[in-house]
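**Student:** Questions regarding the structure given below will be posed in turn.
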Amino acid sequence: MKTAFITGVTGQDGAYLAKLLLEKGYEVHGGVRRISQPETTRLDLLGVTKDVVLHEFDLGETNNIFRTIDRVKPDEFYNLAAQSFVGASWELPVYTADVDGMAVVRILDTLRTLSPETRFYQASTSEMFGLVQEVPQSETTRLYPRSPYGVAKVYGHYITMNYRESFGLHASSGILFNHESPLRGKEFVTRKITLGLAALAHGGTDAVELGNMDAQRDWGFAGDYVEGMWRMLQQDEADDYVLATGTTTTIRDFFTFAGEALGMDLEWSGEAENETATDKKTGKLLMKVNPKFYRPAEVDLLLGDASKARETLGWAPKVDIRQLAEMMAKSDFDALK
Ligand code: NAP
Ligand code: G4F
């Protein structure tokens, strides 16, 4: 039986990955940071909480990382924990640099010392492409991060490559484009939209307030992406891979798809700060722009080229953008019943 350790096991990806690895017969360990109210909602929703061995774990604490790796000595180590909300990273730039950047070398250096045979996965991100230097973006596209989060993740990405090249660690980076699910955090735009629309569909009256409606994202389903993470660690040689769908969608179109999944007929009007969406059937205001959600610097367009993952890992996403919007909208609608 293989053993895996997942940092961020209580997060969206951590929960889906824990379930996948348990189904594959792994002994799954996960890191949980100390908070006042222990929180395993996502693991509970997937029905796997009791099957995961939970360890008190914080990315900021070097000796805690050292002791945890010493105790578990996993065959595979997935580093998914992070301050993952881009919007918060301008308010928390130092913390984000520590947790999303420095913590990666804390883990790698501990593995090098205590468990060099462990295979390592780093959760890199399309946010590193930022002000994109080519379209679509692949493993060779020049990085140009646009947020403190993106800058911190660039450090994590390069230090993973560096430990692979310096010490021969089996260390891979997955450059994952946005991936969502009914377990997505409520502050991310897709979930904010599906939760808001579900409440409106149940008779609520609060329009969803959003920022930049023109940004485009290459959105996939988190369940598909954790399969790609696992495949990376099954390769003889460690490497870096983009996981993406190859389709990009505006925030506006995602909103439309989610609204349509709930039986709404959307009408858009106005521009920029005056843009609104109403339901033609009911006349209800569904969306208005609130500039407080604009970011100091924006990533306008993400579109990934996952050919390398397709050819080497045999990986391909199964859920398209309309299916994703429908899955999330209906899940939130049902949960609010
Ligand atoms: P998420 O839902 O926000 O989960 C983040 C996890 O990290 C949570 O379990 C959180 O614990 C944990 N965490 C945060 N700070 C920590 C700390 N100091 N010590 C230990 N654990 C800590 O994120 P996700 O969407 O699953 O993303 C997983 C990883 O992939 C992240 O590294 C993210 O940056 C990266 N990524 C995500 C996407 C995406 O579209 N989802 C795309 C590319 C890359 P709590 O439960 O206590 O908050
Ligand atoms: O949903 P978002 O907050 O995701 P973002 O910034 O793309 O980051 C996510 O994907 C990254 C991969 O590229 C991950 F690394 C990262 O951890 C995270 O999972 O925002 C998406 C877009 C942005 O352009 C934002 O400006 O939606 C726009 N947006 C418009 N109104 C909004 C809102 N975003 C949020 N969160 N809230 C709004 O009201």
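Residues in the structure tokens are named by chain (A, B, ... in the order shown) and by number from 1 within that chain; ligands are numbered from 1 in the order shown.
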Extract the full set of strand (DSSP E or B) residues from range 50-286 of chain A according to DSSP on the backbone, and format it as a ChimeraX atom specification.
**Tutor:** /A:53-56,76-79,119-125,137,171-176,179-180,208-210,216-217,220-221,240-243,249-250,266-269,276-279,285-286
**Student:** Taking only residues of chain A that have an atom at most 6 Å from an atom of ligand 1, what is each one's shortest atom pair and its distance in Å to one decimal, using only C-alpha atoms and all ligand atoms, in chain and number order, as a Markdown table?
**Tutor:**
| residue | atom | partner | partner_atom_place_in_ligand_line | distance |
| --- | --- | --- | --- | --- |
| A:Gly8 | CA | ligand 1 | 9 (O) | 3.3 |
| A:Val9 | CA | ligand 1 | 9 (O) | 5.0 |
| A:Thr10 | CA | ligand 1 | 9 (O) | 3.9 |
| A:Gly11 | CA | ligand 1 | 4 (O) | 3.3 |
| A:Gln12 | CA | ligand 1 | 26 (O) | 3.7 |
| A:Asp13 | CA | ligand 1 | 26 (O) | 3.7 |
| A:Gly14 | CA | ligand 1 | 26 (O) | 5.7 |
| A:Val32 | CA | ligand 1 | 21 (N) | 5.9 |
| A:Arg33 | CA | ligand 1 | 20 (C) | 4.9 |
| A:Phe57 | CA | ligand 1 | 20 (C) | 5.7 |
| A:Asp58 | CA | ligand 1 | 19 (N) | 3.5 |
| A:Leu59 | CA | ligand 1 | 19 (N) | 4.0 |
| A:Gly60 | CA | ligand 1 | 18 (N) | 5.6 |
| A:Leu80 | CA | ligand 1 | 29 (C) | 4.1 |
| A:Ala81 | CA | ligand 1 | 7 (O) | 3.2 |
| A:Ala82 | CA | ligand 1 | 32 (O) | 4.3 |
| A:Gln83 | CA | ligand 1 | 14 (C) | 5.0 |
| A:Ser84 | CA | ligand 1 | 34 (O) | 4.0 |
| A:Val99 | CA | ligand 1 | 18 (N) | 5.6 |
| A:Ala123 | CA | ligand 1 | 30 (O) | 4.7 |
| A:Ser124 | CA | ligand 1 | 44 (C) | 5.2 |
| A:Thr125 | CA | ligand 1 | 43 (C) | 3.9 |
| A:Leu176 | CA | ligand 1 | 43 (C) | 4.4 |
| A:Phe177 | CA | ligand 1 | 42 (C) | 5.1 |
| A:Asn178 | CA | ligand 1 | 40 (O) | 3.3 |
| A:His179 | CA | ligand 1 | 40 (O) | 4.0 |
| A:Gly185 | CA | ligand 1 | 2 (O) | 5.8 |
**Student:** Measure the distance from atom 8 (O, counted along the ligand's line) of ligand 2 to CA of Ala18 in chain A in Å and round it to one decimal.
**Tutor:** 22.0 Å
**Student:** My list of candidates is A:Glu187, A:Glu311, A:Asp305, A:Glu134. Which is closest to ligand 2 when distances are computed with only C-alpha atoms and all ligand atoms?
**Tutor:**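 Smallest distance to ligand 2 is found for A:Glu187.
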**Student:** Could you give me the residues within 6 Å of ligand 2, counting only C-alpha atoms and all ligand atoms, as a list of chain:residue names?
**Tutor:** A:Ser84, A:Phe85, A:Val86, A:Thr125, A:Ser126, A:Glu127, A:Phe177, A:Asn178, A:Glu187, A:Phe188, A:Val189, A:Thr190, A:Leu210, A:Gly211, A:Asn212, A:Met213, A:Ala215, A:Phe293, A:Tyr294, A:Arg295, A:Val299
**Student:** Keeping only C-alpha atoms, take the residues you just selected and write them out as a CSV table (one decimal), in the first residue's frame.
**Tutor:**
chain,number,residue,atom,x,y,z
A,84,SER,CA,-5.0,30.6,-2.6
A,85,PHE,CA,-7.2,33.7,-3.0
A,86,VAL,CA,-5.5,36.2,-5.4
A,125,THR,CA,-0.7,28.0,-11.2
A,126,SER,CA,-1.7,29.8,-14.4
A,127,GLU,CA,-1.7,33.0,-12.3
A,177,PHE,CA,-5.5,26.6,-14.8
A,178,ASN,CA,-8.6,27.6,-12.8
A,187,GLU,CA,-15.1,34.0,-2.5
A,188,PHE,CA,-14.0,32.8,-5.9
A,189,VAL,CA,-16.0,34.2,-8.7
A,190,THR,CA,-17.7,31.0,-10.1
A,210,LEU,CA,-19.2,41.6,-9.2
A,211,GLY,CA,-16.0,43.3,-10.4
A,212,ASN,CA,-14.4,42.9,-13.8
A,213,MET,CA,-16.8,41.1,-16.1
A,215,ALA,CA,-11.7,38.8,-17.6
A,293,PHE,CA,-14.2,44.0,-6.5
A,294,TYR,CA,-11.7,45.4,-9.2
A,295,ARG,CA,-8.1,44.3,-8.5
A,299,VAL,CA,-5.0,39.0,-15.3
**Student:** Per residue of range 205-296 of chain A within 12 Å of range 313-328 of chain A, which atom pair is closest and at what distance in Å (one decimal), using only C-alpha atoms, listed by chain and increasing number, as JSON lines?
**Tutor:**
{"residue": "A:Arg217", "atom": "CA", "partner": "A:Ile321", "partner_atom": "CA", "distance": 10.3}
{"residue": "A:Asp218", "atom": "CA", "partner": "A:Ile321", "partner_atom": "CA", "distance": 8.7}
{"residue": "A:Trp219", "atom": "CA", "partner": "A:Ile321", "partner_atom": "CA", "distance": 6.6}
{"residue": "A:Gly220", "atom": "CA", "partner": "A:Ile321", "partner_atom": "CA", "distance": 6.7}
{"residue": "A:Phe221", "atom": "CA", "partner": "A:Val319", "partner_atom": "CA", "distance": 6.1}
{"residue": "A:Ala222", "atom": "CA", "partner": "A:Pro317", "partner_atom": "CA", "distance": 9.5}
{"residue": "A:Gly223", "atom": "CA", "partner": "A:Pro317", "partner_atom": "CA", "distance": 9.1}
{"residue": "A:Asp224", "atom": "CA", "partner": "A:Pro317", "partner_atom": "CA", "distance": 5.6}
{"residue": "A:Tyr225", "atom": "CA", "partner": "A:Pro317", "partner_atom": "CA", "distance": 7.3}
{"residue": "A:Val226", "atom": "CA", "partner": "A:Pro317", "partner_atom": "CA", "distance": 10.5}
{"residue": "A:Glu227", "atom": "CA", "partner": "A:Trp315", "partner_atom": "CA", "distance": 7.9}
{"residue": "A:Gly228", "atom": "CA", "partner": "A:Trp315", "partner_atom": "CA", "distance": 6.1}
{"residue": "A:Met229", "atom": "CA", "partner": "A:Trp315", "partner_atom": "CA", "distance": 9.8}
{"residue": "A:Trp230", "atom": "CA", "partner": "A:Leu313", "partner_atom": "CA", "distance": 9.7}
{"residue": "A:Arg231", "atom": "CA", "partner": "A:Leu313", "partner_atom": "CA", "distance": 6.1}
{"residue": "A:Met232", "atom": "CA", "partner": "A:Leu313", "partner_atom": "CA", "distance": 6.9}
{"residue": "A:Leu233", "atom": "CA", "partner": "A:Leu313", "partner_atom": "CA", "distance": 9.9}
{"residue": "A:Gln234", "atom": "CA", "partner": "A:Leu313", "partner_atom": "CA", "distance": 8.9}
{"residue": "A:Gln235", "atom": "CA", "partner": "A:Leu313", "partner_atom": "CA", "distance": 7.9}
{"residue": "A:Asp236", "atom": "CA", "partner": "A:Leu313", "partner_atom": "CA", "distance": 11.2}
{"residue": "A:Glu237", "atom": "CA", "partner": "A:Leu313", "partner_atom": "CA", "distance": 11.6}
{"residue": "A:Ala238", "atom": "CA", "partner": "A:Leu313", "partner_atom": "CA", "distance": 11.6}
{"residue": "A:Asp239", "atom": "CA", "partner": "A:Leu313", "partner_atom": "CA", "distance": 10.9}
{"residue": "A:Asp240", "atom": "CA", "partner": "A:Leu313", "partner_atom": "CA", "distance": 11.2}
{"residue": "A:Tyr241", "atom": "CA", "partner": "A:Leu313", "partner_atom": "CA", "distance": 9.2}
{"residue": "A:Val242", "atom": "CA", "partner": "A:Trp315", "partner_atom": "CA", "distance": 10.5}
{"residue": "A:Leu243", "atom": "CA", "partner": "A:Ala316", "partner_atom": "CA", "distance": 8.3}
{"residue": "A:Ala244", "atom": "CA", "partner": "A:Pro317", "partner_atom": "CA", "distance": 7.6}
{"residue": "A:Thr245", "atom": "CA", "partner": "A:Pro317", "partner_atom": "CA", "distance": 6.2}
{"residue": "A:Gly246", "atom": "CA", "partner": "A:Pro317", "partner_atom": "CA", "distance": 9.7}
{"residue": "A:Thr247", "atom": "CA", "partner": "A:Ile321", "partner_atom": "CA", "distance": 8.2}
{"residue": "A:Thr248", "atom": "CA", "partner": "A:Ile321", "partner_atom": "CA", "distance": 8.8}
{"residue": "A:Thr249", "atom": "CA", "partner": "A:Ile321", "partner_atom": "CA", "distance": 8.0}
{"residue": "A:Thr250", "atom": "CA", "partner": "A:Ile321", "partner_atom": "CA", "distance": 10.9}
{"residue": "A:Ile251", "atom": "CA", "partner": "A:Ala325", "partner_atom": "CA", "distance": 11.3}
{"residue": "A:Asp253", "atom": "CA", "partner": "A:Arg322", "partner_atom": "CA", "distance": 9.6}
{"residue": "A:Phe254", "atom": "CA", "partner": "A:Ala325", "partner_atom": "CA", "distance": 6.7}
{"residue": "A:Phe255", "atom": "CA", "partner": "A:Ala325", "partner_atom": "CA", "distance": 8.2}
{"residue": "A:Thr256", "atom": "CA", "partner": "A:Ala325", "partner_atom": "CA", "distance": 9.1}
{"residue": "A:Phe257", "atom": "CA", "partner": "A:Arg322", "partner_atom": "CA", "distance": 6.0}
{"residue": "A:Ala258", "atom": "CA", "partner": "A:Ala325", "partner_atom": "CA", "distance": 4.9}
{"residue": "A:Gly259", "atom": "CA", "partner": "A:Glu326", "partner_atom": "CA", "distance": 8.6}
{"residue": "A:Glu260", "atom": "CA", "partner": "A:Glu326", "partner_atom": "CA", "distance": 8.3}
{"residue": "A:Ala261", "atom": "CA", "partner": "A:Glu326", "partner_atom": "CA", "distance": 5.2}
{"residue": "A:Leu262", "atom": "CA", "partner": "A:Glu326", "partner_atom": "CA", "distance": 7.9}
{"residue": "A:Gly263", "atom": "CA", "partner": "A:Glu326", "partner_atom": "CA", "distance": 10.6}
**Student:** Using only C-alpha atoms, which of A:Asn274, A:Ser147, A:Ser331, A:Thr7 sits nearest Trp90 in chain A?
**Tutor:**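 Smallest distance to Trp90 in chain A is found for A:Ser147.
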**Student:** Determine, counting only C-alpha atoms, which protein, DNA and RNA residues have an atom within 10 Å of an atom of Arg34 in chain A; residues of the same chain fewer than 2 positions away are not included. Present the result as a CSV table (one decimal) with all heavy atoms, in the first residue's frame.
**Tutor:**
chain,number,residue,atom,x,y,z
A,31,GLY,N,-2.6,17.3,6.1
A,31,GLY,CA,-2.2,18.3,7.1
A,31,GLY,C,-3.3,19.3,7.3
A,31,GLY,O,-4.0,19.8,6.3
A,32,VAL,N,-3.6,19.5,8.6
A,32,VAL,CA,-4.7,20.5,8.9
A,32,VAL,C,-4.1,21.5,9.9
A,32,VAL,O,-3.5,21.2,10.9
A,32,VAL,CB,-5.8,19.7,9.7
A,32,VAL,CG1,-7.0,20.7,10.0
A,32,VAL,CG2,-6.3,18.5,8.8
A,36,SER,N,-9.8,27.8,15.3
A,36,SER,CA,-10.6,27.7,16.6
A,36,SER,C,-11.7,26.7,16.4
A,36,SER,O,-12.1,26.1,17.4
A,36,SER,CB,-11.1,29.1,16.9
A,36,SER,OG,-12.0,29.5,15.9
A,37,GLN,N,-12.2,26.5,15.2
A,37,GLN,CA,-13.3,25.6,15.0
A,37,GLN,C,-12.8,24.6,13.9
A,37,GLN,O,-12.8,24.9,12.7
A,37,GLN,CB,-14.5,26.4,14.4
A,37,GLN,CG,-15.7,25.6,14.1
A,37,GLN,CD,-16.6,25.4,15.4
A,37,GLN,OE1,-16.6,26.2,16.2
A,37,GLN,NE2,-17.2,24.2,15.5
A,38,PRO,N,-12.5,23.4,14.3
A,38,PRO,CA,-12.0,22.4,13.3
A,38,PRO,C,-13.0,22.2,12.2
A,38,PRO,O,-14.2,22.2,12.4
A,38,PRO,CB,-11.9,21.1,14.1
A,38,PRO,CG,-11.7,21.5,15.5
A,38,PRO,CD,-12.5,22.8,15.7
A,39,GLU,N,-12.5,22.2,11.0
A,39,GLU,CA,-13.3,22.3,9.8
A,39,GLU,C,-12.9,21.2,8.7
A,39,GLU,O,-11.9,21.3,8.1
A,39,GLU,CB,-13.0,23.7,9.2
A,39,GLU,CG,-13.7,24.1,7.9
A,39,GLU,CD,-15.2,23.9,8.0
A,39,GLU,OE1,-15.9,24.8,8.6
A,39,GLU,OE2,-15.7,23.0,7.4
A,55,HIS,N,-3.1,15.3,10.5
A,55,HIS,CA,-1.9,15.7,11.3
A,55,HIS,C,-2.0,17.2,11.5
A,55,HIS,O,-2.3,18.0,10.5
A,55,HIS,CB,-0.6,15.4,10.6
A,55,HIS,CG,-0.4,14.0,10.3
A,55,HIS,ND1,0.5,13.2,11.0
A,55,HIS,CD2,-1.0,13.2,9.4
A,55,HIS,CE1,0.5,12.0,10.5
A,55,HIS,NE2,-0.4,11.9,9.5
A,56,GLU,N,-1.7,17.7,12.7
A,56,GLU,CA,-1.6,19.2,12.9
A,56,GLU,C,-0.4,19.7,12.0
A,56,GLU,O,0.7,19.2,12.2
A,56,GLU,CB,-1.4,19.4,14.3
A,56,GLU,CG,-1.7,20.9,14.7
A,56,GLU,CD,-1.9,21.0,16.2
A,56,GLU,OE1,-2.4,20.1,16.9
A,56,GLU,OE2,-1.5,22.1,16.7
A,57,PHE,N,-0.7,20.6,11.2
A,57,PHE,CA,0.4,21.0,10.2
A,57,PHE,C,0.2,22.4,9.8
A,57,PHE,O,-0.9,22.9,9.4
A,57,PHE,CB,0.2,20.1,8.9
A,57,PHE,CG,1.2,20.3,7.8
A,57,PHE,CD1,2.4,19.6,7.9
A,57,PHE,CD2,0.9,21.2,6.8
A,57,PHE,CE1,3.3,19.8,6.9
A,57,PHE,CE2,1.9,21.4,5.8
A,57,PHE,CZ,3.1,20.7,5.8
A,58,ASP,N,1.3,23.2,9.8
A,58,ASP,CA,1.2,24.5,9.3
A,58,ASP,C,2.4,24.8,8.4
A,58,ASP,O,3.6,24.6,8.9
A,58,ASP,CB,1.1,25.5,10.5
A,58,ASP,CG,0.6,26.9,10.0
A,58,ASP,OD1,1.3,27.5,9.1
A,58,ASP,OD2,-0.5,27.3,10.5
**Student:** Using only C-alpha atoms, determine which residues lie at most 10 Å from Arg142 in chain A, disregarding the query and same-chain residues fewer than 2 positions distant; provide the list as JSON, numbers by chain.
**Tutor:** {"A": [128, 129, 130, 131, 132, 133, 134, 137, 138, 139, 140, 144, 145]}
**Student:** For CA of Ile159 in chain A and CA of Met1 in chain A, quote the distance in Å rounded to one decimal.
**Tutor:** 29.7 Å
